[in-house]
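Novice: See work29.txt below, with compact mmCIF, C-alpha atoms.
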# COMPACT_ATOMS: atom_id res chain seq x y z
CA MET C 1 -32.91 53.31 2.25
CA GLU C 2 -34.47 56.76 2.39
CA THR C 3 -34.18 58.74 5.64
CA TYR C 4 -37.93 58.91 6.10
CA GLN C 5 -38.09 55.10 5.90
CA LYS C 6 -35.70 54.82 8.85
CA GLN C 7 -37.88 56.87 11.18
CA PRO C 8 -37.75 55.65 14.77
CA ASP C 9 -40.57 54.04 16.67
CA LEU C 10 -41.82 57.00 18.67
CA GLY C 11 -44.22 54.90 20.72
CA GLU C 12 -41.59 53.36 22.97
CA ASN C 13 -41.67 54.17 26.70
CA CYS C 14 -44.62 56.57 26.57
CA VAL C 15 -45.35 56.55 30.30
CA GLU C 16 -43.77 59.93 31.05
CA THR C 17 -45.30 61.49 27.95
CA LEU C 18 -48.72 60.27 29.08
CA GLY C 19 -48.06 61.79 32.49
CA ASN C 20 -47.29 65.13 30.84
CA VAL C 21 -50.46 64.86 28.78
CA ARG C 22 -52.51 64.11 31.89
CA ARG C 23 -51.02 67.11 33.74
CA SER C 24 -51.67 69.41 30.79
CA ILE C 25 -55.25 68.19 30.53
CA TYR C 26 -56.05 68.48 34.24
CA HIS C 27 -54.22 71.71 35.00
CA ARG C 28 -54.72 73.63 31.77
CA PHE C 29 -57.28 72.15 29.38
CA LEU C 30 -60.07 71.34 31.86
CA PRO C 31 -59.97 74.71 33.69
CA ILE C 32 -60.55 76.45 30.35
CA LEU C 33 -63.52 74.18 29.59
CA GLU C 34 -64.88 74.77 33.11
CA GLU C 35 -64.61 78.53 32.59
CA VAL C 36 -66.47 78.27 29.29
CA ALA C 37 -69.17 76.08 30.86
CA ALA C 38 -69.56 78.53 33.75
CA ALA C 39 -70.15 81.34 31.26
CA GLY C 40 -73.29 79.51 30.13
CA PRO C 41 -74.73 80.09 26.68
CA ALA C 42 -72.50 83.14 26.20
CA GLY C 43 -69.37 80.98 26.57
CA ALA C 44 -67.81 79.68 23.42
CA VAL C 45 -64.44 78.19 22.60
CA ASP C 46 -62.76 76.88 19.49
CA LEU C 47 -62.07 73.28 20.45
CA GLN C 48 -59.64 72.78 17.56
CA ASP C 49 -57.62 75.76 18.81
CA LEU C 50 -57.55 74.27 22.33
CA LEU C 51 -56.37 70.90 21.03
CA LEU C 52 -53.66 72.57 18.96
CA ARG C 53 -52.53 74.47 22.04
CA LEU C 54 -52.51 71.22 24.03
CA ASN C 55 -50.28 69.51 21.46
CA ILE C 56 -47.92 72.46 21.21
CA CYS C 57 -47.89 72.55 25.02
CA GLY C 58 -44.99 70.14 25.18
CA LEU C 59 -46.37 67.05 23.53
CA ASP C 60 -44.86 67.73 20.14
CA PHE C 61 -41.97 70.06 20.88
CA GLY C 62 -41.38 69.73 24.60
CA ARG C 63 -41.41 73.48 24.87
CA ASP C 64 -44.33 75.08 26.58
CA PRO C 65 -45.23 78.49 25.15
CA GLU C 66 -47.82 78.78 27.95
CA THR C 67 -50.65 79.45 25.53
CA LEU C 68 -52.98 76.82 26.97
CA ALA C 69 -54.03 79.02 29.86
CA LEU C 70 -57.08 80.91 31.02
CA GLY C 71 -57.62 83.87 28.73
CA LEU C 72 -55.97 81.97 25.87
CA PRO C 73 -52.91 84.19 25.30
CA GLU C 74 -51.79 84.59 21.71
CA ASN C 75 -49.62 81.84 20.33
CA ALA C 76 -47.23 83.57 17.93
CA PHE C 77 -46.07 80.29 16.40
CA ALA C 78 -49.61 79.04 15.74
CA THR C 79 -50.63 82.43 14.35
CA ALA C 80 -47.67 82.51 11.95
CA PHE C 81 -48.28 78.87 11.03
CA ASP C 82 -51.97 79.56 10.24
CA ARG C 83 -51.13 82.67 8.21
CA ALA C 84 -48.53 80.75 6.21
CA THR C 85 -51.02 77.96 5.54
CA LYS C 86 -53.72 80.39 4.38
CA ALA C 87 -51.27 82.33 2.23
CA SER C 88 -50.05 79.09 0.63
CA LEU C 89 -53.62 78.13 -0.21
CA GLN C 90 -54.04 81.46 -2.01
CA ARG C 91 -51.55 80.20 -4.56
CA PHE C 92 -54.09 77.60 -5.66
CA ILE C 93 -56.76 80.26 -6.11
CA PHE C 94 -54.82 82.81 -8.14
CA PRO C 95 -53.26 82.03 -11.51
CA GLU C 96 -49.54 81.34 -11.22
CA PRO C 97 -48.40 84.55 -12.96
CA VAL C 98 -50.50 86.61 -10.51
CA TRP C 99 -49.13 85.13 -7.30
CA ARG C 100 -45.59 85.09 -8.71
CA PHE C 101 -45.90 88.80 -9.50
CA LYS C 102 -47.24 89.44 -5.98
CA LYS C 103 -44.34 87.44 -4.59
CA TRP C 104 -41.87 89.47 -6.62
CA LEU C 105 -43.45 92.70 -5.34
CA GLN C 106 -43.85 91.26 -1.81
CA VAL C 107 -47.45 92.45 -1.49
CA GLY C 108 -50.63 90.97 -0.09
CA MET C 109 -50.64 87.36 1.01
CA GLU C 110 -47.18 86.78 -0.47
CA ALA C 111 -45.70 89.30 1.96
CA THR C 112 -47.62 87.57 4.75
CA LEU C 113 -46.30 84.20 3.60
CA THR C 114 -42.70 85.41 3.59
CA SER C 115 -42.87 86.91 7.08
CA SER C 116 -44.85 84.00 8.53
CA VAL C 117 -42.48 81.38 7.13
CA ALA C 118 -39.52 83.34 8.49
CA HIS C 119 -41.15 83.43 11.94
CA VAL C 120 -41.90 79.69 11.87
CA ASP C 121 -38.34 78.92 10.71
CA ARG C 122 -36.80 80.99 13.52
CA TYR C 123 -39.06 79.39 16.13
CA LEU C 124 -38.32 75.84 14.95
CA SER C 125 -34.58 76.49 14.63
CA THR C 126 -34.52 77.76 18.20
CA ILE C 127 -36.35 74.68 19.47
CA ILE C 128 -34.05 72.29 17.62
CA LYS C 129 -30.84 74.03 18.72
CA SER C 130 -31.90 74.23 22.36
CA ARG C 131 -33.07 70.60 22.35
CA LYS C 132 -29.74 69.44 20.89
CA LEU C 133 -27.93 71.27 23.68
CA GLU C 134 -30.20 69.86 26.36
CA LEU C 135 -29.80 66.32 25.07
CA SER C 136 -26.01 66.57 24.61
CA ASP C 137 -25.46 68.09 28.06
CA GLY C 138 -27.88 65.70 29.72
CA ARG C 139 -29.46 68.72 31.41
CA ARG C 140 -32.96 67.52 30.87
CA ASP C 141 -34.67 64.22 30.25
CA CYS C 142 -36.76 65.25 27.27
CA ASP C 143 -39.68 62.99 26.49
CA ASP C 144 -41.53 64.89 23.78
CA LEU C 145 -41.85 63.56 20.22
CA LEU C 146 -39.04 65.73 18.84
CA SER C 147 -36.60 64.56 21.53
CA ARG C 148 -37.51 60.93 20.99
CA PHE C 149 -36.83 61.39 17.30
CA MET C 150 -33.48 63.08 17.97
CA LYS C 151 -32.39 60.33 20.38
CA LYS C 152 -32.85 57.67 17.72
CA GLY C 153 -30.38 59.01 15.18
CA ALA C 154 -28.25 61.81 13.83
CA TYR C 155 -30.37 63.99 11.58
CA THR C 156 -29.67 67.36 10.00
CA ASP C 157 -31.35 70.45 11.40
CA ALA C 158 -33.24 70.86 8.12
CA PHE C 159 -34.60 67.31 8.37
CA LEU C 160 -35.59 67.82 12.01
CA GLN C 161 -37.30 71.07 11.07
CA HIS C 162 -39.39 69.15 8.53
CA VAL C 163 -40.25 66.60 11.21
CA VAL C 164 -41.37 69.34 13.59
CA LEU C 165 -43.41 70.98 10.83
CA ASP C 166 -45.09 67.65 10.11
CA LEU C 167 -45.91 67.27 13.81
CA ALA C 168 -47.37 70.78 13.89
CA ARG C 169 -49.31 70.14 10.68
CA SER C 170 -50.75 66.90 12.03
CA SER C 171 -51.66 68.62 15.30
CA ALA C 172 -53.43 71.40 13.39
CA ASN C 173 -55.38 68.91 11.29
CA GLU C 174 -56.59 66.69 14.14
Would it be possible to restate this file's structure as structure tokens?
Specialist:
Amino acid sequence: METYQKQPDLGENCVETLGNVRRSIYHRFLPILEEVAAAGPAGAVDLQDLLLRLNICGLDFGRDPETLALGLPENAFATAFDRATKASLQRFIFPEPVWRFKKWLQVGMEATLTSSVAHVDRYLSTIIKSRKLELSDGRRDCDDLLSRFMKKGAYTDAFLQHVVLDLARSSANE
């Protein structure tokens, strides 16, 4: 049976996760919306960006980069993820020999893709390594989706990185 067919049921015991979601919504998400509403017609916010920040705020990874806050500080992971996605889409626009040549030269969007993917890889590797330590030491009762997945079986770091990327991708597309 393929590894992806043996994926665990991530919906078990969701009470604590729902509590974390509620806290994030009340203490982070709603104050931003209230600030935008108070600004009147001049206030505007990208709701998709807020929802992505909410998901990254511990729901998916259990690591809070503190980007769902008033002022909306930059989220380096989300920025690198978006740049990598846009650069990847460029490959469908340009003929293959063109983007391969750009990749070989490391210019334009291909250079952006390389640096963005490297940033995303480092970020995800750090999350996975720290989560493995936390779970093995019992230092923290992790209840995010990544931790639930890790508790259900022994998976390679590369496989877990793909899982985390899929979570991020689904969060970005909601």
Novice: Measuring between all atoms listed in the file, which one of C:Glu110, C:Leu72, C:Ser115, C:Leu30 shows the shortest distance to Asp46 of chain C?
Specialist: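 Once distances to Asp46 of chain C are computed over all atoms listed in the file, the minimum belongs to C:Leu72.
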Novice: Choose the residue, out of C:Ala154, C:Ile93, C:Ala87, C:Val45, that has the smallest atom-to-atom separation from Val107 of chain C; count all atoms listed in the file.
Specialist: C:Ala87
Novice: Calculated over all atoms listed in the file, which of the candidates C:Ile127, C:Leu145, C:Ala168, C:Leu89 has the smallest distance to Arg53 of chain C?
Specialist: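 Among C:Ile127, C:Leu145, C:Ala168, C:Leu89, it is C:Ala168 that comes nearest to Arg53 of chain C.
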Novice: Calculated over all atoms listed in the file, which of the candidates C:Lys86, C:Lys129, C:Arg148, C:Arg23 has the smallest distance to Thr112 of chain C?
Specialist: C:Lys86
Novice: Would you work out the distance separating atom CA of His162 of chain C from atom CA of Asp137 of chain C, expressed in Å to one decimal?
Specialist: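 Value for the atom CA of His162 of chain C-atom CA of Asp137 of chain C distance: 24.0 Å.
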Novice: In Å, rounded to a single decimal, give me how far atom CA of Ser24 of chain C is from atom CA of Asp157 of chain C.
Specialist: 28.1 Å
